[in-house]
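Next comes run06.cif, a file with mmCIF, C-alpha atoms.
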data_final
#
loop_
_atom_site.label_atom_id
_atom_site.label_comp_id
_atom_site.auth_asym_id
_atom_site.auth_seq_id
_atom_site.Cartn_x
_atom_site.Cartn_y
_atom_site.Cartn_z
CA MET A 2 30.31 21.16 16.44
CA LEU A 3 29.44 24.84 16.03
CA SER A 4 26.85 23.92 13.41
CA LYS A 5 25.22 21.50 15.89
CA ILE A 6 25.02 24.19 18.56
CA ILE A 7 23.52 26.61 16.05
CA SER A 8 20.94 23.96 15.10
CA LEU A 9 20.04 23.54 18.75
CA MET A 10 19.67 27.27 19.24
CA ILE A 11 17.37 27.41 16.21
CA ILE A 12 15.17 24.83 17.90
CA PHE A 13 15.03 26.87 21.11
CA ILE A 14 14.24 30.02 19.16
CA GLY A 15 11.43 28.13 17.45
CA ILE A 16 10.00 27.07 20.79
CA ILE A 17 10.23 30.62 22.12
CA GLU A 18 8.51 32.03 19.05
CA ILE A 19 5.69 29.52 19.55
CA SER A 20 5.24 30.81 23.11
CA LYS A 21 4.72 34.29 21.69
CA SER A 22 2.28 33.18 19.02
CA SER A 23 -1.46 33.06 19.60
CA ASP A 24 -1.55 30.08 17.25
CA SER A 25 0.03 27.89 19.92
CA SER A 26 -3.23 27.38 21.78
CA ASN A 27 -4.27 23.77 22.07
CA SER A 28 -6.93 22.54 19.67
CA GLU A 29 -9.35 19.73 20.26
CA PRO A 30 -7.97 16.33 19.21
CA GLU A 31 -9.05 14.97 15.84
CA ASP A 32 -11.49 12.09 15.52
CA GLY A 33 -9.66 8.81 15.83
CA ILE A 34 -7.16 9.97 18.46
CA TYR A 35 -7.32 8.12 21.74
CA PHE A 36 -5.43 9.50 24.73
CA TYR A 37 -4.29 6.68 26.94
CA THR A 38 -6.51 5.76 29.84
CA TYR A 39 -7.20 2.22 30.99
CA ASP A 40 -10.67 2.23 29.43
CA THR A 41 -9.80 3.66 26.03
CA ILE A 42 -6.63 1.65 25.46
CA CYS A 43 -8.26 -1.65 26.37
CA LYS A 44 -11.32 -0.91 24.26
CA PHE A 45 -9.12 -0.02 21.31
CA ALA A 46 -6.84 -3.05 21.78
CA ASN A 47 -9.75 -5.49 21.82
CA SER A 48 -11.07 -4.09 18.53
CA ILE A 49 -7.98 -5.50 16.79
CA ARG A 50 -8.20 -8.91 15.08
CA ASP A 51 -5.74 -11.39 16.57
CA ASP A 52 -4.67 -12.98 13.28
CA ASP A 53 -4.06 -9.81 11.27
CA GLN A 54 -0.48 -9.25 10.09
CA TYR A 55 1.35 -5.95 10.63
CA GLU A 56 4.51 -4.23 9.48
CA VAL A 57 6.26 -1.77 11.82
CA TYR A 58 7.52 1.59 10.58
CA TYR A 59 9.71 4.26 12.15
CA VAL A 60 7.79 7.46 11.34
CA GLN A 61 9.10 11.02 11.60
CA ALA A 62 7.67 14.50 11.11
CA PRO A 63 9.54 17.84 11.02
CA LEU A 64 9.60 19.33 14.51
CA MET A 65 6.79 21.87 15.13
CA TYR A 66 5.36 21.05 11.70
CA ALA A 67 2.05 22.80 12.40
CA ILE A 68 3.85 26.14 12.86
CA TYR A 69 6.93 25.91 10.62
CA GLY A 70 6.07 23.25 8.04
CA ASP A 71 9.13 21.26 6.99
CA LEU A 72 11.64 23.97 8.08
CA PHE A 73 13.20 21.92 10.88
CA GLU A 74 13.74 19.00 8.53
CA LYS A 75 16.66 21.03 7.14
CA ILE A 76 18.55 20.54 10.42
CA ASN A 77 17.31 16.98 11.09
CA ALA A 78 15.05 18.02 13.95
CA TYR A 79 12.07 15.64 14.05
CA HIS A 80 9.16 14.48 16.11
CA SER A 81 9.01 10.69 15.90
CA GLY A 82 6.59 7.83 16.41
CA VAL A 83 5.79 4.22 15.56
CA GLY A 84 3.46 3.21 12.72
CA PHE A 85 1.76 -0.17 12.24
CA TYR A 86 0.48 -1.00 8.76
CA ASN A 87 -2.25 -3.67 8.68
CA LEU A 88 -1.72 -6.09 5.78
CA ASN A 89 -5.25 -7.55 6.04
CA GLY A 90 -7.33 -4.48 5.30
CA GLY A 91 -7.86 -3.42 8.92
CA PRO A 92 -7.03 0.02 10.31
CA ASN A 93 -3.42 1.19 10.50
CA ILE A 94 -2.15 2.47 13.86
CA SER A 95 0.31 5.16 14.94
CA LEU A 96 1.67 6.01 18.38
CA ASP A 97 3.83 8.86 19.63
CA TYR A 98 4.92 10.44 22.91
CA PHE A 99 4.70 14.22 23.23
CA ALA A 100 5.18 17.05 25.71
CA GLY A 101 1.98 18.49 27.07
CA PRO A 102 0.40 20.92 27.02
CA THR A 103 3.29 22.25 24.86
CA LEU A 104 7.03 21.68 24.55
CA GLU A 105 7.57 25.08 26.16
CA ASN A 106 5.93 23.79 29.36
CA ALA A 107 8.66 21.15 29.63
CA LEU A 108 11.28 23.93 29.81
CA ILE A 109 9.65 26.80 31.68
CA PRO A 110 7.45 26.92 34.84
CA GLU A 111 3.83 27.85 34.35
CA ASN A 112 3.99 30.44 37.14
CA ILE A 113 6.62 32.10 39.32
CA THR A 114 5.11 34.03 42.24
CA LYS A 115 6.33 35.83 45.37
CA ASP A 116 4.95 35.28 48.82
CA SER A 117 4.41 37.97 51.45
CA GLN A 118 8.05 37.63 52.61
CA GLY A 119 9.44 38.18 49.12
CA ASN A 120 10.35 34.54 48.51
CA TYR A 121 9.60 32.83 45.21
CA ASN A 122 7.41 29.82 44.46
CA LEU A 123 7.48 27.90 41.18
CA THR A 124 4.59 25.86 39.76
CA TRP A 125 4.76 23.61 36.69
CA ASN A 126 2.20 22.23 34.29
CA THR A 127 4.10 19.68 32.26
CA TYR A 128 3.68 16.04 31.41
CA GLY A 129 4.54 13.46 28.79
CA LEU A 130 1.64 11.71 27.10
CA ILE A 131 1.33 8.84 24.65
CA GLU A 132 -1.36 9.05 22.01
CA VAL A 133 -2.61 6.46 19.55
CA THR A 134 -4.49 6.97 16.30
CA ASN A 135 -6.37 4.38 14.27
CA TYR A 136 -4.79 5.68 11.06
CA ILE A 137 -1.40 6.94 9.86
CA ASN A 138 -1.32 10.55 8.68
CA GLU A 139 1.19 10.19 5.85
CA THR A 140 1.16 13.93 5.16
CA TYR A 141 2.36 14.63 8.69
CA TRP A 142 4.59 11.55 9.06
CA SER A 143 6.52 12.41 5.91
CA LYS A 144 9.49 10.11 6.70
CA ARG A 145 8.62 6.43 7.06
CA GLU A 146 11.07 3.54 7.29
CA LEU A 147 10.16 -0.14 7.54
CA VAL A 148 11.99 -1.63 10.54
CA MET A 149 10.11 -4.81 11.52
CA TYR A 150 7.60 -7.28 10.08
CA GLY A 151 5.68 -10.43 11.02
CA LEU A 152 3.76 -8.92 13.92
CA THR A 153 0.29 -10.33 14.65
CA GLY A 154 -2.77 -8.53 15.93
CA LEU A 155 -2.40 -10.36 19.24
CA GLN A 156 1.13 -9.00 19.63
CA ILE A 157 -0.17 -5.51 18.78
CA LYS A 158 -2.65 -5.90 21.63
CA GLN A 159 0.18 -6.83 23.97
CA TYR A 160 2.21 -3.83 22.82
CA LEU A 161 -0.73 -1.45 23.28
CA SER A 162 -1.20 -2.82 26.79
CA TRP A 163 2.48 -2.13 27.51
CA ALA A 164 2.37 1.52 26.39
CA PRO A 165 0.43 2.85 29.42
CA ILE A 166 2.94 1.14 31.72
CA TYR A 167 5.69 3.06 29.91
CA ASN A 168 3.73 6.29 30.37
CA GLN A 169 3.35 5.61 34.09
CA THR A 170 7.12 5.31 34.45
CA HIS A 171 7.77 8.30 32.16
CA PRO A 172 5.10 10.80 33.23
CA VAL A 173 7.18 13.90 32.37
CA TYR A 174 8.73 14.86 29.04
CA ASN A 175 12.44 15.56 29.58
CA LEU A 176 14.22 17.13 26.61
CA PHE A 177 17.79 16.71 27.90
CA SER A 178 20.15 13.93 28.75
CA ILE A 179 22.86 14.96 31.22
CA ALA A 180 26.38 13.57 30.88
CA SER A 181 29.87 14.38 32.06
CA GLY A 182 32.67 15.44 29.76
CA SER A 183 32.36 17.68 26.73
CA GLY A 184 30.04 17.79 23.76
CA ASP A 185 33.11 17.23 21.58
CA ASN A 186 33.02 13.56 22.61
CA GLY A 187 29.45 13.06 21.48
CA TYR A 188 26.57 11.54 23.43
CA LEU A 189 26.48 8.33 21.42
CA GLU A 190 30.13 7.60 22.21
CA THR A 191 29.40 8.13 25.89
CA ILE A 192 26.49 5.70 25.74
CA LEU A 193 28.60 3.09 23.92
CA HIS A 194 31.33 3.40 26.52
CA ASN A 195 28.86 2.91 29.38
CA LEU A 196 27.54 -0.20 27.64
CA SER A 197 31.12 -1.52 27.13
CA LEU A 198 30.65 -1.27 23.37
CA GLY A 199 33.54 1.06 22.63
CA GLY A 200 33.36 4.83 22.41
CA VAL A 201 35.38 7.22 24.51
CA SER A 202 37.44 5.72 27.29
CA SER A 203 37.55 8.69 29.62
CA GLU A 204 36.58 7.84 33.18
CA ASP A 205 34.44 10.99 33.21
CA SER A 206 32.14 9.76 30.45
CA ILE A 207 29.07 9.08 32.58
CA VAL A 208 25.40 9.57 31.77
CA TYR A 209 23.83 11.05 34.91
CA GLN A 210 20.29 11.49 33.63
CA ASN A 211 18.54 10.01 30.60
CA SER A 212 16.15 12.03 28.50
CA SER A 213 12.48 11.14 28.10
CA THR A 214 11.50 12.21 24.59
CA CYS A 215 9.57 10.95 21.61
CA ASP A 216 12.69 9.17 20.30
CA ASP A 217 13.25 7.46 23.65
CA PHE A 218 9.68 6.15 23.51
CA VAL A 219 10.19 4.94 19.93
CA TRP A 220 13.33 2.96 20.82
CA ALA A 221 11.62 1.52 23.91
CA SER A 222 8.79 0.51 21.57
CA PHE A 223 11.22 -1.17 19.17
CA ASN A 224 12.62 -3.20 22.07
CA THR A 225 9.13 -4.19 23.24
CA ILE A 226 8.03 -5.19 19.74
CA TYR A 227 11.21 -7.22 19.28
CA GLN A 228 10.74 -9.03 22.61
CA LEU A 229 7.15 -9.85 21.59
CA GLY A 230 8.32 -11.45 18.34
CA GLY A 231 8.79 -8.72 15.74
CA ASN A 232 11.36 -9.55 13.05
CA LEU A 233 13.97 -6.96 12.08
CA VAL A 234 14.25 -6.16 8.39
CA GLY A 235 17.67 -6.10 6.76
CA MET A 236 18.92 -2.51 7.02
CA GLN A 237 22.18 -1.05 5.75
CA SER A 238 22.42 1.05 8.92
CA ASN A 239 20.44 1.61 12.10
CA PRO A 240 17.74 4.31 12.02
CA PRO A 241 18.88 7.76 13.23
CA LYS A 242 17.45 9.52 16.27
CA ASP A 243 17.71 13.03 17.71
CA GLN A 244 19.50 13.54 21.02
CA ILE A 245 20.07 16.72 23.04
CA THR A 246 22.68 16.43 25.78
CA LEU A 247 23.93 18.80 28.47
CA PHE A 248 27.57 18.20 29.44
CA THR A 249 28.65 19.00 32.99
CA THR A 250 31.93 19.36 34.80
CA ASP A 251 30.62 17.42 37.83
CA GLU A 252 27.70 15.24 38.78
CA PRO A 253 24.48 17.30 39.03
CA THR A 254 23.24 17.96 42.56
CA ILE A 255 19.65 17.92 43.71
CA VAL A 256 18.36 21.32 44.76
CA ASP A 257 16.62 21.54 48.13
CA TYR A 258 13.42 23.31 47.13
CA ASN A 259 12.53 23.90 50.77
CA ASN A 260 15.70 25.94 51.15
CA VAL A 261 14.56 29.51 50.50
CA THR A 262 17.96 30.65 49.20
CA GLN A 263 18.23 27.80 46.71
CA ARG A 264 14.61 28.25 45.65
CA ASN A 265 15.19 31.95 44.96
CA GLN A 266 18.25 31.06 42.85
CA LEU A 267 16.07 28.67 40.89
CA ALA A 268 13.49 31.36 40.35
CA SER A 269 16.11 33.83 39.16
CA PHE A 270 17.34 31.35 36.53
CA TYR A 271 13.87 30.65 35.16
CA ILE A 272 12.90 34.31 35.26
CA ASN A 273 15.85 35.00 32.96
CA LEU A 274 14.76 32.16 30.70
CA MET A 275 11.18 33.38 30.63
CA SER A 276 12.29 36.96 29.96
CA ILE A 277 13.97 35.75 26.77
CA ALA A 278 10.69 34.16 25.71
CA ASN A 279 8.72 37.32 26.44
CA LYS A 280 11.07 39.84 24.83
CA ASN A 281 10.25 41.20 21.42
CA GLU A 282 13.77 40.71 20.06
CA SER A 283 15.35 39.52 16.86
CA ALA A 284 16.45 35.91 16.44
CA LEU A 285 20.10 37.05 16.68
CA GLN A 286 19.51 38.75 20.04
CA ILE A 287 17.68 35.69 21.37
CA PHE A 288 20.54 33.52 20.10
CA GLU A 289 23.10 35.61 21.98
CA GLU A 290 21.10 35.47 25.22
CA LEU A 291 20.67 31.70 24.96
CA ILE A 292 24.42 31.31 24.45
CA SER A 293 25.06 33.18 27.70
CA LEU A 294 22.40 31.11 29.45
CA PHE A 295 24.22 27.87 28.55
CA ASN A 296 27.53 29.13 29.94
CA GLY A 297 27.63 28.72 33.69
CA THR A 298 25.20 27.38 36.28
CA PHE A 299 22.24 25.59 34.74
CA TYR A 300 19.10 24.08 36.25
CA CYS A 301 16.87 21.26 35.03
CA TYR A 302 13.44 20.27 36.31
CA ILE A 303 12.96 16.51 35.87
CA ASP A 304 9.91 14.71 37.22
CA GLY A 305 9.45 16.93 40.26
CA VAL A 306 13.15 17.27 41.07
CA TYR A 307 15.45 20.23 40.37
CA TYR A 308 19.07 19.56 39.37
CA GLU A 309 21.87 22.10 39.52
CA MET A 310 24.93 21.66 37.29
CA TYR A 311 27.90 23.52 35.91
CA LEU A 312 28.08 23.14 32.17
CA SER A 313 31.34 22.19 30.46
CA LYS A 314 33.29 24.51 28.19
CA PRO A 315 33.77 25.12 25.34
CA THR A 316 30.87 22.85 24.32
CA PRO A 317 28.23 22.68 27.06
CA ILE A 318 25.49 21.20 24.89
CA SER A 319 25.19 19.02 21.81
CA PHE A 320 22.48 18.15 19.34
CA THR A 321 23.02 14.93 17.38
CA TYR A 322 21.09 13.00 14.75
CA GLN A 323 22.88 9.66 14.57
CA PRO A 324 22.08 5.98 13.97
CA SER A 325 21.03 4.26 17.17
CA PRO A 326 21.28 0.49 17.77
CA MET A 327 18.21 -1.69 17.27
CA PRO A 328 17.41 -4.55 19.69
CA THR A 329 19.13 -7.88 19.07
CA GLY A 330 19.82 -11.15 20.85
CA GLU A 331 17.59 -13.61 22.67
CA ARG A 332 13.98 -12.56 23.16
CA ASP A 333 12.18 -12.56 26.49
CA PRO A 334 8.44 -11.85 26.09
CA ASN A 335 7.95 -12.27 29.83
CA SER A 336 10.06 -9.15 30.42
CA ILE A 337 7.28 -6.98 28.95
CA LYS A 338 4.84 -5.74 31.56
CA THR A 339 1.28 -5.06 30.41
CA LEU A 340 -1.96 -3.87 31.98
CA ASP A 341 -3.84 -6.65 33.76
CA ASN A 342 -7.06 -7.87 32.10
CA CYS A 343 -6.67 -5.32 29.31
CA TYR A 344 -7.05 -7.58 26.28
CA SER A 345 -8.37 -11.05 25.52
CA GLU A 346 -6.38 -13.54 23.49
CA SER A 347 -9.57 -15.37 22.57
CA SER A 348 -11.52 -12.28 21.52
CA ASN A 349 -11.48 -13.37 17.88
CA SER A 350 -13.01 -16.75 18.66
CA LYS A 351 -15.98 -14.91 20.12
CA GLN A 352 -16.40 -12.87 16.96
CA SER A 353 -18.49 -14.00 14.00
CA PHE A 354 -16.71 -15.50 11.02
CA PHE A 355 -17.22 -12.38 8.92
CA ASN A 356 -15.58 -10.04 11.47
CA ARG A 357 -12.25 -11.53 10.42
CA PHE A 358 -12.50 -9.97 6.96
CA SER A 359 -12.56 -6.49 5.45
CA LYS A 360 -15.79 -5.01 4.03
CA VAL A 361 -14.77 -5.74 0.42
CA GLN A 362 -13.93 -9.34 1.29
CA ILE A 363 -17.27 -9.72 3.07
CA ILE A 364 -19.13 -8.50 -0.04
CA PHE A 365 -17.40 -11.09 -2.23
CA ILE A 366 -18.10 -13.80 0.37
CA PHE A 367 -21.82 -12.94 0.36
CA ILE A 368 -21.91 -12.97 -3.45
CA ALA A 369 -20.17 -16.35 -3.56
CA ILE A 370 -22.48 -17.80 -0.89
CA GLY A 371 -25.53 -16.42 -2.72
CA LEU A 372 -24.48 -17.95 -6.04
CA GLY A 373 -23.75 -21.24 -4.32
CA VAL A 374 -27.20 -21.32 -2.71
CA VAL A 375 -28.88 -20.57 -6.07
CA ILE A 376 -26.93 -23.32 -7.84
CA VAL A 377 -27.69 -25.88 -5.11
CA LEU A 378 -31.42 -25.02 -5.16
CA TYR A 379 -31.47 -25.15 -8.97
CA LEU A 380 -29.83 -28.59 -9.08
CA SER A 381 -31.87 -29.99 -6.18
CA ILE A 382 -35.25 -28.92 -7.58
CA GLY A 383 -34.29 -30.01 -11.13
CA ILE A 384 -33.17 -33.45 -9.98
CA ILE A 385 -36.40 -33.96 -7.99
CA ILE A 386 -38.52 -32.98 -11.02
CA ASN A 387 -36.53 -35.17 -13.45
CA LYS A 388 -36.66 -38.12 -11.04
CA SER A 389 -40.43 -37.81 -10.87
CA ARG A 390 -40.45 -38.04 -14.68
CA GLY A 391 -38.64 -41.38 -14.55
CA LYS A 392 -35.18 -40.16 -15.53
CA SER A 393 -31.99 -41.58 -14.03
CA GLY A 394 -28.21 -41.20 -14.04
CA ILE A 395 -26.80 -38.06 -15.66
CA ASN A 396 -30.21 -37.46 -17.19
CA LEU A 397 -31.31 -36.25 -13.77
CA ILE A 398 -29.29 -33.04 -14.34
CA PRO A 399 -31.76 -30.28 -15.21
CA ASN A 400 -31.43 -28.89 -18.76
CA LYS A 401 -28.77 -31.48 -19.54
CA LYS A 402 -28.91 -30.79 -23.29
CA LEU A 403 -28.27 -27.06 -22.76
CA TRP A 404 -25.22 -27.66 -20.54
CA THR A 405 -23.94 -30.37 -22.92
CA SER A 406 -24.18 -28.06 -25.93
CA ILE A 407 -22.42 -25.22 -24.09
CA GLY A 408 -19.68 -27.62 -23.02
CA SER A 409 -19.24 -29.00 -26.54
CA LYS A 410 -18.97 -25.51 -28.00
CA PHE A 411 -16.37 -24.57 -25.42
CA THR A 412 -14.41 -27.77 -26.17
CA GLU A 413 -14.63 -27.18 -29.90
CA ARG A 414 -13.36 -23.61 -29.51
CA ASN A 415 -10.44 -24.78 -27.37
CA ASN A 416 -9.52 -27.43 -29.95
CA LYS A 417 -9.50 -24.83 -32.71
CA ASN A 418 -7.20 -22.63 -30.67
CA LYS A 419 -4.86 -25.51 -29.93
CA TYR A 420 -4.31 -26.63 -33.56
CA LYS A 421 -4.61 -24.66 -36.78
CA PRO A 422 -3.19 -26.42 -39.88
CA LEU A 423 -1.05 -24.28 -42.15
CA LEU A 424 -2.36 -24.37 -45.70
CA TYR A 425 0.23 -23.97 -48.41
CA ASN A 426 -0.42 -22.74 -51.91
CA GLU A 427 1.69 -21.37 -54.67
CA ASN A 428 1.45 -17.86 -53.30
CA THR A 429 2.84 -18.79 -49.83
CA ILE A 430 5.90 -20.67 -51.13
CA GLN A 431 8.72 -18.39 -52.22
#
In structure tokens, what does this structure look like?
Amino acid sequence: MLSKIISLMIIFIGIIEISKSSDSSNSEPEDGIYFYTYDTICKFANSIRDDDQYEVYYVQAPLMYAIYGDLFEKINAYHSGVGFYNLNGGPNISLDYFAGPTLENALIPENITKDSQGNYNLTWNTYGLIEVTNYINETYWSKRELVMYGLTGLQIKQYLSWAPIYNQTHPVYNLFSIASGSGDNGYLETILHNLSLGGVSSEDSIVYQNSSTCDDFVWASFNTIYQLGGNLVGMQSNPPKDQITLFTTDEPTIVDYNNVTQRNQLASFYINLMSIANKNESALQIFEELISLFNGTFYCYIDGVYYEMYLSKPTPISFTYQPSPMPTGERDPNSIKTLDNCYSESSNSKQSFFNRFSKVQIIFIFIAIGLGVVIVLYLSIGIIINKSRGKSGINLIPNKKLWTSIGSKFTERNNKNKYKPLLYNENTIQ
């Protein structure tokens, strides 16, 4: 358990170091990235061919890869997404859910100010956003696992039309789940108990608040894809996911932000957290301060609401990377809500025949059609000419003698290859 806490602290230190670095400024999105709005998602969805076949992959990248490379892979800390590989030569697709503008903004207020009476005010700039790319960056998504197959382009359209609905109901990135008990029990066991699937049997094992992270989006995506008709591949074990959980002694209480005293207590907590981020200290000093921060009263800001809680001892927080169940059972496609009038099921029927194929396939189709046209014209004109000369039957075929001689040579060569008599003489018999 100590190793898990240390791993978690390493993650926090990494986030804090990013906040100090000038390299953490946001860059313009690459070509091919579409941030979800009604217009862009529907335009992108309708560019997909209905009959194309896709395979679904669970894709992972080391957390904060742009800053630290694959360092966080050593402690199984990943950013995750969903990848769709097109088996018909069309573009591949990847989707992921991230904290904007940065992960730091999901933990710390953008500004803490004082009014004329000496009371604090806190303002946040944090959100969770889904992005889609029309390719899969295999350098970034270094871990890829096939999880489903047999998905059509039409079902991809339905999934893409569901994703903005998910974003509307999960507008803020929330790093933590909040549960009762102790981190020694493990978050997964708590979840299993709440679902009546086993796990710990303590009456205190209750999940008060679910997280809203990239992994949560991925598993919601798996469920959606399954309900729409995706087929699970045979796996020896379920795919693993990251989970960070705060464990409390009692149910968290909502803070009354309008209460000046409570608001000032909130501000004091976040000022301490921000001071850690702004100090020029060693990783060990930051580690020690974070340890003290997670022992005692703790506050979380989740979708516009502040929660106050008292963290459990000796293990107030846990970081796990464990297999998580995949969807099973009877499917219900009608349970998936999608944007109205976002995609057209008959869009392919309105497309030309050639839009159903890749560029290479189209080239071969044109070559085949061209050769066919030449052959038909050659035969038609030759037959007309030979008919005018009084020929009939197979003699109407233009250049009949040439084709007959080529055919006879081909037949003769095949016969030679089929049978070669063995000639014996006194030198071959021992």
Self-check item: Given the PyMOL selection byres ((chain A and resi 324) around 10), the residues it picks as number ranges by chain
Solution: A: 189, 238-243, 321-323, 325-327
- request: Pick out the residues sitting within 6 Å of A:Phe73, and hand them over as number ranges by chain; count all atoms listed in the file, and ignore anything fewer than 3 positions along from it in its own chain.
  value: A: 63-64, 76, 78
Practice item. Quick one: apply the PyMOL selection byres ((chain A and resi 89-103) around 8) to the file and drop the selected residues here as a PyMOL selection string. Key: chain A and resi 27+53-54+81-88+104-107+126-137+173-174+214-215+218-219+358-359
Applying 12 Å and only C-alpha atoms, which residues near A:Trp163 remain after dropping the ones on its own chain fewer than 6 positions away? List them as a CSV table (one decimal) with C-alpha atoms, keeping the file's coordinate frame.
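Ended up saving to selection33.csv:
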chain,number,residue,atom,x,y,z
A,37,TYR,CA,-4.3,6.7,26.9
A,39,TYR,CA,-7.2,2.2,31.0
A,42,ILE,CA,-6.6,1.6,25.5
A,43,CYS,CA,-8.3,-1.6,26.4
A,46,ALA,CA,-6.8,-3.0,21.8
A,131,ILE,CA,1.3,8.8,24.6
A,156,GLN,CA,1.1,-9.0,19.6
A,157,ILE,CA,-0.2,-5.5,18.8
A,169,GLN,CA,3.4,5.6,34.1
A,170,THR,CA,7.1,5.3,34.4
A,218,PHE,CA,9.7,6.2,23.5
A,221,ALA,CA,11.6,1.5,23.9
A,222,SER,CA,8.8,0.5,21.6
A,224,ASN,CA,12.6,-3.2,22.1
A,225,THR,CA,9.1,-4.2,23.2
A,226,ILE,CA,8.0,-5.2,19.7
A,228,GLN,CA,10.7,-9.0,22.6
A,229,LEU,CA,7.2,-9.8,21.6
A,334,PRO,CA,8.4,-11.8,26.1
A,335,ASN,CA,8.0,-12.3,29.8
A,336,SER,CA,10.1,-9.2,30.4
A,337,ILE,CA,7.3,-7.0,29.0
A,338,LYS,CA,4.8,-5.7,31.6
A,339,THR,CA,1.3,-5.1,30.4
A,340,LEU,CA,-2.0,-3.9,32.0
A,341,ASP,CA,-3.8,-6.6,33.8
A,343,CYS,CA,-6.7,-5.3,29.3
A,344,TYR,CA,-7.0,-7.6,26.3
note - atom CA of A:Gly70 and atom CA of A:Pro110 are separated by 27.1 Å
Atom CA of A:Tyr167 sits from atom CA of A:Glu111 at a separation of 25.3 Å
Check your understanding: Do you know which residues are at most 10 Å from stretch 370-385 of chain A counting all atoms listed in the file, after dropping those on the same chain fewer than 3 positions away, and could you put them as a ChimeraX atom specification?
Key -> /A:364-367,388-390,392-393,395-400
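Of the residues listed (A:Trp125, A:Phe177, A:Tyr141, A:Phe45), A:Phe177 shows the shortest atom-to-atom separation from A:Phe320; distances use all atoms listed in the file.
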- Task: Name the residues captured by the PyMOL selection byres ((chain A and resi 304) around 9) when it is applied to the shown file; answer as a ChimeraX atom specification.
- Result: /A:128,171-175,302-303,305-307
Just C-alpha atoms for this one: save the residues we selected as a PDB file, in the frame of the given file.
ATOM      1  CA  TYR A 128       3.680  16.040  31.410  1.00  0.00           C
ATOM      2  CA  HIS A 171       7.770   8.300  32.160  1.00  0.00           C
ATOM      3  CA  PRO A 172       5.100  10.800  33.230  1.00  0.00           C
ATOM      4  CA  VAL A 173       7.180  13.900  32.370  1.00  0.00           C
ATOM      5  CA  TYR A 174       8.730  14.860  29.040  1.00  0.00           C
ATOM      6  CA  ASN A 175      12.440  15.560  29.580  1.00  0.00           C
ATOM      7  CA  TYR A 302      13.440  20.270  36.310  1.00  0.00           C
ATOM      8  CA  ILE A 303      12.960  16.510  35.870  1.00  0.00           C
ATOM      9  CA  GLY A 305       9.450  16.930  40.260  1.00  0.00           C
ATOM     10  CA  VAL A 306      13.150  17.270  41.070  1.00  0.00           C
ATOM     11  CA  TYR A 307      15.450  20.230  40.370  1.00  0.00           C
TER      12      TYR A 307
END
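If all atoms listed in the file are the atoms counted, then among A:Pro328, A:Asn168, A:Thr246, A:Ser183 the closest residue to A:Ser212 is A:Thr246.
If you measure from each of A:Ser269, A:Ser345, A:Thr153, A:Thr254 to A:Lys44 using only C-alpha atoms, the closest one turns out to be A:Ser345.
Interatomic distance, atom CA of A:Gln159 to atom CA of A:Val234: 21.0 Å.
Nearest residue to A:Thr262, choosing from A:Leu152, A:Thr329, A:Tyr121, A:Ile49 and counting all atoms listed in the file: A:Tyr121.
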Excluding same-chain residues fewer than 2 positions from A:Pro317, what lies within 6 Å of it counting only C-alpha atoms, as a PyMOL selection string?
chain A and resi 247-248+312-314
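Once A:Lys144 and its same-chain neighbours fewer than 5 positions away are set aside, Tyr58, Tyr59, Val60, Gln61, Ala62, Pro63, Tyr79, Ser81 and Glu139 of chain A remain within 10 Å of it when counting all atoms listed in the file.
Closest approach to A:Tyr227 from the set A:Gly297, A:Gly391, A:Gly182, A:Gly330 is made by A:Gly330, with distances taken over only C-alpha atoms.
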